[in-house]
Structures are given as structure tokens and as C-alpha cells.
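*Asks:* Sharing structure.csv, CSV, C-alpha atoms:
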```csv
chain,number,residue,atom,x,y,z
A,295,MET,CA,78.9,135.0,164.2
A,296,GLY,CA,78.8,137.4,161.3
A,297,GLY,CA,75.6,138.8,159.8
A,298,THR,CA,73.2,141.5,160.6
A,299,PRO,CA,72.2,142.6,164.1
A,300,GLY,CA,68.9,140.8,163.7
A,301,THR,CA,70.6,137.6,162.7
A,302,ALA,CA,73.1,137.9,165.6
A,303,ALA,CA,70.2,138.4,168.1
A,304,LEU,CA,68.5,135.3,166.6
A,305,ALA,CA,71.7,133.3,167.0
A,306,GLN,CA,71.6,134.0,170.7
A,307,VAL,CA,68.2,132.2,170.8
A,308,VAL,CA,68.6,129.5,168.1
A,309,PRO,CA,71.7,127.3,168.1
A,310,THR,CA,73.7,127.4,164.9
A,311,THR,CA,75.0,123.9,165.3
A,312,HIS,CA,73.1,122.4,162.5
A,313,GLY,CA,73.3,125.4,160.2
A,314,VAL,CA,75.1,125.3,156.8
A,315,ASP,CA,76.2,128.1,154.5
A,316,GLU,CA,74.1,127.7,151.3
A,317,ARG,CA,76.8,129.5,149.3
A,318,ILE,CA,74.3,131.4,147.2
A,319,GLY,CA,75.3,133.6,144.3
A,320,TRP,CA,73.2,136.6,145.4
A,321,SER,CA,73.9,138.7,142.3
A,322,GLU,CA,72.6,136.0,140.0
A,323,LEU,CA,69.6,135.5,142.3
A,324,GLU,CA,68.9,139.2,142.2
A,325,GLU,CA,68.7,139.0,138.4
A,326,ILE,CA,66.3,136.1,138.6
A,327,TRP,CA,64.0,137.8,141.1
A,328,GLY,CA,64.5,141.3,140.0
A,329,THR,CA,65.4,142.5,143.5
A,330,ARG,CA,67.9,142.4,146.3
A,331,PHE,CA,67.0,140.3,149.3
A,332,PRO,CA,67.0,141.6,152.9
A,333,ALA,CA,70.4,141.5,154.6
A,334,ASP,CA,69.0,139.4,157.5
A,335,TYR,CA,67.8,136.7,155.0
A,336,VAL,CA,71.2,136.7,153.3
A,337,ALA,CA,72.9,136.4,156.6
A,338,PHE,CA,70.4,133.6,157.7
A,339,MET,CA,71.3,131.7,154.5
A,340,LYS,CA,75.0,132.0,155.3
A,341,VAL,CA,74.7,131.0,159.0
A,342,TYR,CA,71.7,128.5,159.0
A,343,GLY,CA,70.7,127.9,155.4
A,344,ALA,CA,67.3,126.5,154.5
A,345,GLY,CA,65.7,124.0,156.8
A,346,GLU,CA,63.4,123.6,159.8
A,347,LEU,CA,63.2,126.0,162.7
A,348,SER,CA,61.8,124.6,166.0
A,349,GLU,CA,60.3,121.6,164.3
A,350,ALA,CA,57.5,123.6,162.7
A,351,ILE,CA,58.8,126.5,160.6
A,352,GLY,CA,60.4,125.8,157.2
A,353,ILE,CA,62.8,128.5,156.0
A,354,LEU,CA,62.8,128.3,152.2
A,355,LEU,CA,65.7,128.2,149.7
A,356,PRO,CA,65.6,131.2,147.4
A,357,VAL,CA,66.6,129.1,144.3
A,358,PRO,CA,66.2,125.5,143.2
A,359,ARG,CA,69.0,123.0,144.1
A,360,PRO,CA,69.1,119.6,142.5
A,361,ASP,CA,70.5,118.0,145.7
A,362,ALA,CA,68.0,119.5,148.1
A,363,TYR,CA,65.4,117.5,150.1
A,364,SER,CA,62.9,119.1,147.8
A,365,ASP,CA,63.6,120.7,144.4
A,366,GLY,CA,64.1,124.0,146.2
A,367,SER,CA,61.3,125.8,144.3
A,368,GLY,CA,59.5,126.5,147.6
A,369,LEU,CA,60.1,130.2,147.5
A,370,ARG,CA,58.4,130.5,144.1
A,371,ASN,CA,55.7,128.0,144.9
A,372,GLU,CA,54.9,129.5,148.4
A,373,THR,CA,54.9,133.0,146.9
A,374,ALA,CA,52.2,131.8,144.5
A,375,ASN,CA,50.3,130.2,147.4
A,376,ALA,CA,50.5,133.4,149.5
A,377,ARG,CA,49.2,135.5,146.6
A,378,GLY,CA,46.4,133.0,146.0
A,379,THR,CA,45.5,133.0,149.6
A,380,TRP,CA,45.3,136.8,149.6
A,381,GLU,CA,43.0,136.7,146.5
A,382,MET,CA,40.8,133.9,147.9
A,383,CYS,CA,40.4,135.6,151.3
A,384,GLY,CA,39.2,138.9,150.0
A,385,GLY,CA,42.2,140.5,148.2
A,386,ARG,CA,42.4,144.3,148.7
A,387,ALA,CA,39.3,144.3,150.9
A,388,ALA,CA,41.2,142.0,153.4
A,389,LEU,CA,44.6,143.6,153.0
A,390,ASP,CA,45.2,146.6,150.7
A,391,VAL,CA,48.4,145.7,149.0
A,392,ASP,CA,49.6,144.9,145.5
A,393,PRO,CA,49.7,141.1,145.3
A,394,ASP,CA,53.0,141.4,143.4
A,395,SER,CA,54.6,142.8,146.5
A,396,ILE,CA,54.0,139.5,148.4
A,397,LEU,CA,57.2,137.4,148.5
A,398,ALA,CA,57.3,134.2,150.7
A,399,TRP,CA,60.3,133.1,152.7
A,400,GLY,CA,58.9,130.6,155.1
A,401,VAL,CA,56.0,128.2,155.9
A,402,THR,CA,54.8,126.4,159.0
A,403,SER,CA,53.5,122.9,159.6
A,404,GLY,CA,50.2,124.7,160.4
A,405,ALA,CA,50.0,126.0,156.8
A,406,ASP,CA,50.9,129.6,157.7
A,407,ILE,CA,53.0,131.4,155.1
A,408,TYR,CA,55.5,134.0,156.1
A,409,CYS,CA,56.3,136.7,153.5
A,410,TRP,CA,57.8,140.0,152.9
A,411,LEU,CA,55.8,142.9,151.6
A,412,THR,CA,58.3,144.2,149.0
A,413,THR,CA,57.3,147.8,149.4
A,414,GLY,CA,60.0,150.3,148.7
A,415,ASP,CA,63.5,150.0,147.2
A,416,ASN,CA,65.3,149.0,150.5
A,417,PRO,CA,64.7,145.3,151.2
A,418,ASP,CA,66.0,145.8,154.8
A,419,LEU,CA,62.9,147.9,155.4
A,420,TRP,CA,60.4,145.4,154.1
A,421,PRO,CA,57.8,144.4,156.7
A,422,VAL,CA,56.9,140.7,157.4
A,423,LEU,CA,53.5,139.6,156.3
A,424,VAL,CA,51.8,136.6,158.0
A,425,CYS,CA,49.3,134.8,155.8
A,426,GLY,CA,47.9,132.8,158.6
A,427,ARG,CA,45.7,129.7,158.3
A,428,HIS,CA,44.2,129.9,161.8
A,429,THR,CA,45.6,133.3,163.0
A,430,ASN,CA,43.4,136.2,163.9
A,431,PRO,CA,43.5,138.3,161.8
A,432,LEU,CA,44.3,136.2,158.9
A,433,PHE,CA,46.7,138.7,157.4
A,434,GLN,CA,49.2,140.5,159.7
A,435,VAL,CA,51.9,143.0,158.8
A,436,HIS,CA,54.8,143.4,161.2
A,437,PRO,CA,57.1,146.4,160.9
A,438,PHE,CA,60.4,144.5,161.2
A,439,GLY,CA,62.4,142.0,159.2
A,440,MET,CA,62.6,138.2,159.1
A,441,ALA,CA,65.2,137.7,161.8
A,442,GLU,CA,63.5,139.9,164.3
A,443,PHE,CA,60.2,138.3,163.5
A,444,LEU,CA,61.6,134.9,164.2
A,445,ARG,CA,63.3,136.0,167.4
A,446,ARG,CA,60.0,137.4,168.7
A,447,LEU,CA,58.2,134.3,167.5
A,448,LEU,CA,60.5,132.1,169.5
A,449,THR,CA,60.8,134.2,172.6
A,450,ASP,CA,57.5,135.9,173.1
A,451,GLU,CA,54.5,133.6,173.9
A,452,GLU,CA,51.9,136.3,173.3
A,453,PHE,CA,53.4,137.1,169.9
A,454,GLN,CA,53.6,133.4,169.1
A,455,GLU,CA,49.9,132.9,169.8
A,456,GLU,CA,49.0,135.6,167.3
A,457,THR,CA,51.4,134.7,164.5
A,458,ILE,CA,51.5,130.9,164.2
A,459,SER,CA,48.9,128.1,163.9
A,460,VAL,CA,51.0,125.5,165.8
A,461,VAL,CA,52.6,125.1,169.2
A,462,LEU,CA,56.3,125.4,169.2
A,463,PRO,CA,58.6,123.5,171.5
A,464,ARG,CA,60.1,125.4,174.4
A,465,GLU,CA,63.7,125.0,173.2
A,466,PRO,CA,64.3,126.6,169.9
A,467,SER,CA,66.2,124.6,167.3
A,468,PHE,CA,67.3,124.6,163.7
A,469,VAL,CA,68.1,121.8,161.4
A,470,ASN,CA,69.5,122.4,157.9
A,471,TRP,CA,67.9,120.4,155.1
A,472,ARG,CA,71.1,118.4,154.6
A,473,GLU,CA,71.0,117.2,158.2
A,474,GLU,CA,67.3,116.4,157.9
A,475,LYS,CA,68.0,114.4,154.8
A,476,ARG,CA,70.9,112.5,156.5
A,477,ARG,CA,68.7,111.7,159.5
A,478,LEU,CA,65.8,110.5,157.4
A,479,GLU,CA,68.2,108.2,155.4
A,480,ALA,CA,69.5,106.8,158.7
A,481,GLY,CA,65.9,106.0,159.8
A,482,LEU,CA,65.8,108.9,162.3
A,483,ASP,CA,63.2,111.6,162.9
A,484,PRO,CA,64.5,114.4,160.7
A,485,SER,CA,63.5,117.1,163.2
A,486,THR,CA,64.9,115.7,166.4
A,487,GLY,CA,67.5,113.0,165.2
A,488,GLU,CA,65.8,110.5,167.6
A,489,PRO,CA,64.8,107.0,166.5
A,490,TRP,CA,61.2,106.9,165.1
```
Let me see whether you can do it: turn the structure in this file into C-alpha cells.
*Replies:*
Amino acid sequence: MGGTPGTAALAQVVPTTHGVDERIGWSELEEIWGTRFPADYVAFMKVYGAGELSEAIGILLPVPRPDAYSDGSGLRNETANARGTWEMCGGRAALDVDPDSILAWGVTSGADIYCWLTTGDNPDLWPVLVCGRHTNPLFQVHPFGMAEFLRRLLTDEEFQEETISVVLPREPSFVNWREEKRRLEAGLDPSTGEPW
């Protein structure tokens, strides 16, 4: 499997069976967002794409797609939600960052929002920010990228307890949004593929 070392390590934990290359035009996307994206996120979009990780973590599309299960504006909407949560929960008194540096990449079924803190010019060095709904503390900054964050979240129970507001299944899984859509249209549970 290609990609970054972080994504390769994640692929040893999460099967790539239901992953799909999103075929994203990254240079066009960089113009829209005004920044490059971290290499592990780019690799994740190539290997897995957007979808549901372990039945509880949604990995967001970076750009709207008319054929997606949602309109694909999740990254923009969840970034606004994360910045609003930061403001509502104390702003700089709670976490001393520039709100414009908060950029979301994932959400959980427990209403946690996973973000990057876009500090510095090198996206590969951006830390992960957890805007937790029921985590303690509410805001957590982790000094590693998305793929390493997800690997730890799926393999380290103590880390999991601190960083997510839901219980994850023991066996990690990933289902791309296309497969979720196909399953739903077939009358199956989009997460598991089992009959309802």
C-alpha cells in the first residue's frame, strides 16, 4: 500500500477492503482552502476515501461531490462547528489558539469533532485537535497527525477513553461512503452490511 508511514501503519490496523480512491485534484483544492493538506490525509483519501471508520468516526470529504451520500460540504460545515464550539466553550480562555487555525477532518457519532491546528507552514506537522463533546478535557491537542491519531484511537484503550465520546467495536473497520450508500439502497445496515 502506498502513502505515508502513518497511513501504512493505519492500514495494518484497519482493512482497506472497502476503501476507494477519491481521485481528488489536490492543487485545485489547495487554491480553494489556501493551504496544502497533510500527506497522511492525502494518502488516506487515496487508499480509503471518505466514509465511516469503526462504525462511529466519519472521515470527511475535503470538497463537495454531487454524487456523495451527503453533499460533501462536511469539512467546511464541521470546521465552522468546531470554531463555534471553541467560542461557546470559552475561546482563548479554554484553548489559546487562533480560531482560524482550526480545520476539521472528522466527526464521531458522539458529536466529537477531530481537527487540525493549522499552525506553521508544514501541514505534516499540524497537531490534531479534539473538540470533544464528553471528553475531559473538552479540547485536547495531540502532537501527531491524523493517521497516527486514528491508529492510537483504534489500538490503545486508554487513549480511546480520553479522546472519543462513544465506545468503538473491538475490530476496526472502514466503509467508504459509496459502499454505505449501496448498502443503504439494498436495505442493509450501512455500517455493517447486515440486514436491519
*Asks:* Between A:Ala305, A:Val469, A:Ile353, A:Val424, which has the minimum distance to A:Met339 (counting all atoms listed in the file)?
*Replies:*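 Closest to A:Met339, using all atoms listed in the file: A:Ile353.
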*Asks:* Excluding stretch 431-433 of chain A and its own-chain neighbours fewer than 4 positions away, which residues fall within 10 Å of it when counting all atoms listed in the file? Please give them as a list of chain:residue names.
*Replies:* A:Thr379, A:Trp380, A:Cys383, A:Ala388, A:Leu389, A:Asp406, A:Ile407, A:Leu423, A:Val424, A:Cys425, A:Gly426, A:Arg427, A:Glu456, A:Thr457
*Asks:* Just the number, please: distance in Å from atom CA of A:Ala344 to atom CA of A:Pro356, one decimal.
*Replies:*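 Atom CA of A:Pro356 lies at a distance of 8.7 Å from atom CA of A:Ala344.
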*Asks:* Distance atom CA of A:Pro393-atom CA of A:Thr329, one decimal place?
*Replies:*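 Going from atom CA of A:Pro393 over to atom CA of A:Thr329, I get 15.9 Å.
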*Asks:* Pick out the closest residue to A:Leu347 from this set: A:His312, A:Arg477, A:His428, A:Arg386. Count all atoms listed in the file.
*Replies:*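 Comparing A:His312, A:Arg477, A:His428, A:Arg386 against A:Leu347, the winner is A:His312.
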*Asks:* Please return, as a PDB file with C-alpha atoms, in the coordinates of the input, all polymer residues that have at least one atom within 9 Å of the point (67.7, 129.1, 144.3); use only C-alpha atoms and the file's own coordinate frame.
*Replies:*
```pdb
ATOM      1  CA  ILE A 318      74.300 131.400 147.200  1.00  0.00           C
ATOM      2  CA  GLY A 319      75.300 133.600 144.300  1.00  0.00           C
ATOM      3  CA  LEU A 323      69.600 135.500 142.300  1.00  0.00           C
ATOM      4  CA  LEU A 355      65.700 128.200 149.700  1.00  0.00           C
ATOM      5  CA  PRO A 356      65.600 131.200 147.400  1.00  0.00           C
ATOM      6  CA  VAL A 357      66.600 129.100 144.300  1.00  0.00           C
ATOM      7  CA  PRO A 358      66.200 125.500 143.200  1.00  0.00           C
ATOM      8  CA  ARG A 359      69.000 123.000 144.100  1.00  0.00           C
ATOM      9  CA  GLY A 366      64.100 124.000 146.200  1.00  0.00           C
ATOM     10  CA  SER A 367      61.300 125.800 144.300  1.00  0.00           C
ATOM     11  CA  LEU A 369      60.100 130.200 147.500  1.00  0.00           C
TER      12      LEU A 369
END
```
*Asks:* Rank A:Thr449, A:Thr412, A:Gln434, A:Ser348 by their smallest atom-to-atom distance to A:Arg330, using only C-alpha atoms, and report the top residue only.
*Replies:*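 Distance minimum relative to A:Arg330 lands on A:Thr412.
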*Asks:* In the coordinates of the file, take the point (66.7, 139.2, 152.8) and a cut-off of 10 Å; then, counting all atoms listed in the file, name each qualifying protein, DNA or RNA residue as a PyMOL selection string.
*Replies:* chain A and resi 329-339+356+399+410+417-420+439-441
*Asks:* Smallest atom-to-atom distance to A:Ala350: which of A:Leu411, A:Pro437, A:Gly487, A:Gly404, using only C-alpha atoms?
*Replies:* A:Gly404
*Asks:* For atom CA of A:Ser467 and atom CA of A:Pro484, quote the distance in Å rounded to one decimal.
*Replies:*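 Separation between atom CA of A:Ser467 and atom CA of A:Pro484: 12.3 Å.
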*Asks:* Do a neighbour search on A:Leu447 at 10 Å with only C-alpha atoms, toss out local chain neighbours closer than 4 positions, and write the hits as a PDB file with C-alpha atoms, in the frame of the given file.
*Replies:*
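Printed below is selection_30.pdb as written:
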```pdb
ATOM      1  CA  ALA A 441      65.200 137.700 161.800  1.00  0.00           C
ATOM      2  CA  GLU A 442      63.500 139.900 164.300  1.00  0.00           C
ATOM      3  CA  PHE A 443      60.200 138.300 163.500  1.00  0.00           C
ATOM      4  CA  GLU A 451      54.500 133.600 173.900  1.00  0.00           C
ATOM      5  CA  GLU A 452      51.900 136.300 173.300  1.00  0.00           C
ATOM      6  CA  PHE A 453      53.400 137.100 169.900  1.00  0.00           C
ATOM      7  CA  GLN A 454      53.600 133.400 169.100  1.00  0.00           C
ATOM      8  CA  GLU A 455      49.900 132.900 169.800  1.00  0.00           C
ATOM      9  CA  GLU A 456      49.000 135.600 167.300  1.00  0.00           C
ATOM     10  CA  THR A 457      51.400 134.700 164.500  1.00  0.00           C
ATOM     11  CA  ILE A 458      51.500 130.900 164.200  1.00  0.00           C
ATOM     12  CA  LEU A 462      56.300 125.400 169.200  1.00  0.00           C
TER      13      LEU A 462
END
```
*Asks:* Could you pull the residues within 6 Å of A:Ile351, counting all atoms listed in the file, minus those fewer than 4 positions along the same chain, as number ranges by chain?
*Replies:* A: 346-347, 401-402
*Asks:* Reconstruct N, CA, C and O atoms of stretch 366-391 of chain A from the incomplete input and present them as an mmCIF file, in the coordinates of the input.
*Replies:*
```cif
data_model
loop_
_atom_site.group_PDB
_atom_site.id
_atom_site.type_symbol
_atom_site.label_atom_id
_atom_site.label_comp_id
_atom_site.auth_asym_id
_atom_site.auth_seq_id
_atom_site.Cartn_x
_atom_site.Cartn_y
_atom_site.Cartn_z
ATOM 1 N N GLY A 366 63.696 122.693 145.828
ATOM 2 C CA GLY A 366 64.100 124.000 146.200
ATOM 3 C C GLY A 366 63.287 125.135 145.521
ATOM 4 O O GLY A 366 63.632 126.301 145.594
ATOM 5 N N SER A 367 62.167 124.764 144.905
ATOM 6 C CA SER A 367 61.300 125.800 144.300
ATOM 7 C C SER A 367 60.303 126.343 145.254
ATOM 8 O O SER A 367 59.373 127.028 144.861
ATOM 9 N N GLY A 368 60.486 126.046 146.541
ATOM 10 C CA GLY A 368 59.500 126.500 147.600
ATOM 11 C C GLY A 368 59.254 127.943 147.619
ATOM 12 O O GLY A 368 58.113 128.357 147.790
ATOM 13 N N LEU A 369 60.281 128.765 147.466
ATOM 14 C CA LEU A 369 60.100 130.200 147.500
ATOM 15 C C LEU A 369 59.119 130.657 146.454
ATOM 16 O O LEU A 369 58.175 131.387 146.712
ATOM 17 N N ARG A 370 59.333 130.175 145.240
ATOM 18 C CA ARG A 370 58.400 130.500 144.100
ATOM 19 C C ARG A 370 57.037 129.965 144.354
ATOM 20 O O ARG A 370 56.034 130.659 144.192
ATOM 21 N N ASN A 371 56.954 128.682 144.734
ATOM 22 C CA ASN A 371 55.700 128.000 144.900
ATOM 23 C C ASN A 371 54.883 128.668 146.090
ATOM 24 O O ASN A 371 53.678 128.900 145.986
ATOM 25 N N GLU A 372 55.569 128.926 147.209
ATOM 26 C CA GLU A 372 54.900 129.500 148.400
ATOM 27 C C GLU A 372 54.492 130.961 148.138
ATOM 28 O O GLU A 372 53.498 131.431 148.689
ATOM 29 N N THR A 373 55.260 131.664 147.316
ATOM 30 C CA THR A 373 54.900 133.000 146.900
ATOM 31 C C THR A 373 53.543 132.958 146.171
ATOM 32 O O THR A 373 52.617 133.736 146.434
ATOM 33 N N ALA A 374 53.432 132.018 145.235
ATOM 34 C CA ALA A 374 52.200 131.800 144.500
ATOM 35 C C ALA A 374 51.040 131.449 145.431
ATOM 36 O O ALA A 374 49.918 131.954 145.303
ATOM 37 N N ASN A 375 51.325 130.570 146.401
ATOM 38 C CA ASN A 375 50.300 130.200 147.400
ATOM 39 C C ASN A 375 49.842 131.362 148.222
ATOM 40 O O ASN A 375 48.650 131.524 148.494
ATOM 41 N N ALA A 376 50.795 132.191 148.667
ATOM 42 C CA ALA A 376 50.500 133.400 149.500
ATOM 43 C C ALA A 376 49.596 134.343 148.696
ATOM 44 O O ALA A 376 48.599 134.871 149.200
ATOM 45 N N ARG A 377 49.975 134.583 147.450
ATOM 46 C CA ARG A 377 49.200 135.500 146.600
ATOM 47 C C ARG A 377 47.800 134.925 146.342
ATOM 48 O O ARG A 377 46.812 135.653 146.327
ATOM 49 N N GLY A 378 47.717 133.602 146.146
ATOM 50 C CA GLY A 378 46.400 133.000 146.000
ATOM 51 C C GLY A 378 45.559 133.026 147.208
ATOM 52 O O GLY A 378 44.343 133.249 147.127
ATOM 53 N N THR A 379 46.175 132.856 148.367
ATOM 54 C CA THR A 379 45.500 133.000 149.600
ATOM 55 C C THR A 379 44.908 134.373 149.822
ATOM 56 O O THR A 379 43.760 134.569 150.212
ATOM 57 N N TRP A 380 45.741 135.355 149.510
ATOM 58 C CA TRP A 380 45.300 136.800 149.600
ATOM 59 C C TRP A 380 44.096 136.992 148.716
ATOM 60 O O TRP A 380 43.108 137.577 149.158
ATOM 61 N N GLU A 381 44.150 136.499 147.487
ATOM 62 C CA GLU A 381 43.000 136.700 146.500
ATOM 63 C C GLU A 381 41.777 135.952 147.045
ATOM 64 O O GLU A 381 40.685 136.521 147.062
ATOM 65 N N MET A 382 41.939 134.711 147.481
ATOM 66 C CA MET A 382 40.800 133.900 147.900
ATOM 67 C C MET A 382 40.149 134.442 149.192
ATOM 68 O O MET A 382 38.950 134.282 149.397
ATOM 69 N N CYS A 383 40.938 135.110 150.017
ATOM 70 C CA CYS A 383 40.400 135.600 151.300
ATOM 71 C C CYS A 383 40.027 137.083 151.266
ATOM 72 O O CYS A 383 39.984 137.738 152.301
ATOM 73 N N GLY A 384 39.778 137.591 150.086
ATOM 74 C CA GLY A 384 39.200 138.900 150.000
ATOM 75 C C GLY A 384 40.079 139.958 149.267
ATOM 76 O O GLY A 384 39.641 141.085 149.037
ATOM 77 N N GLY A 385 41.311 139.615 148.910
ATOM 78 C CA GLY A 385 42.200 140.500 148.200
ATOM 79 C C GLY A 385 42.337 141.863 148.864
ATOM 80 O O GLY A 385 42.568 141.914 150.077
ATOM 81 N N ARG A 386 42.193 142.949 148.121
ATOM 82 C CA ARG A 386 42.400 144.300 148.700
ATOM 83 C C ARG A 386 41.457 144.632 149.820
ATOM 84 O O ARG A 386 41.783 145.432 150.687
ATOM 85 N N ALA A 387 40.274 144.026 149.827
ATOM 86 C CA ALA A 387 39.300 144.300 150.900
ATOM 87 C C ALA A 387 39.866 143.705 152.235
ATOM 88 O O ALA A 387 39.622 144.261 153.307
ATOM 89 N N ALA A 388 40.623 142.611 152.150
ATOM 90 C CA ALA A 388 41.200 142.000 153.400
ATOM 91 C C ALA A 388 42.522 142.657 153.746
ATOM 92 O O ALA A 388 42.812 142.834 154.921
ATOM 93 N N LEU A 389 43.339 142.988 152.737
ATOM 94 C CA LEU A 389 44.600 143.600 153.000
ATOM 95 C C LEU A 389 44.970 144.430 151.733
ATOM 96 O O LEU A 389 45.188 143.869 150.655
ATOM 97 N N ASP A 390 44.993 145.750 151.877
ATOM 98 C CA ASP A 390 45.200 146.600 150.700
ATOM 99 C C ASP A 390 46.639 146.728 150.320
ATOM 100 O O ASP A 390 47.351 147.656 150.693
ATOM 101 N N VAL A 391 47.082 145.717 149.567
ATOM 102 C CA VAL A 391 48.400 145.700 149.000
ATOM 103 C C VAL A 391 48.398 145.209 147.595
ATOM 104 O O VAL A 391 47.415 144.608 147.151
#
```
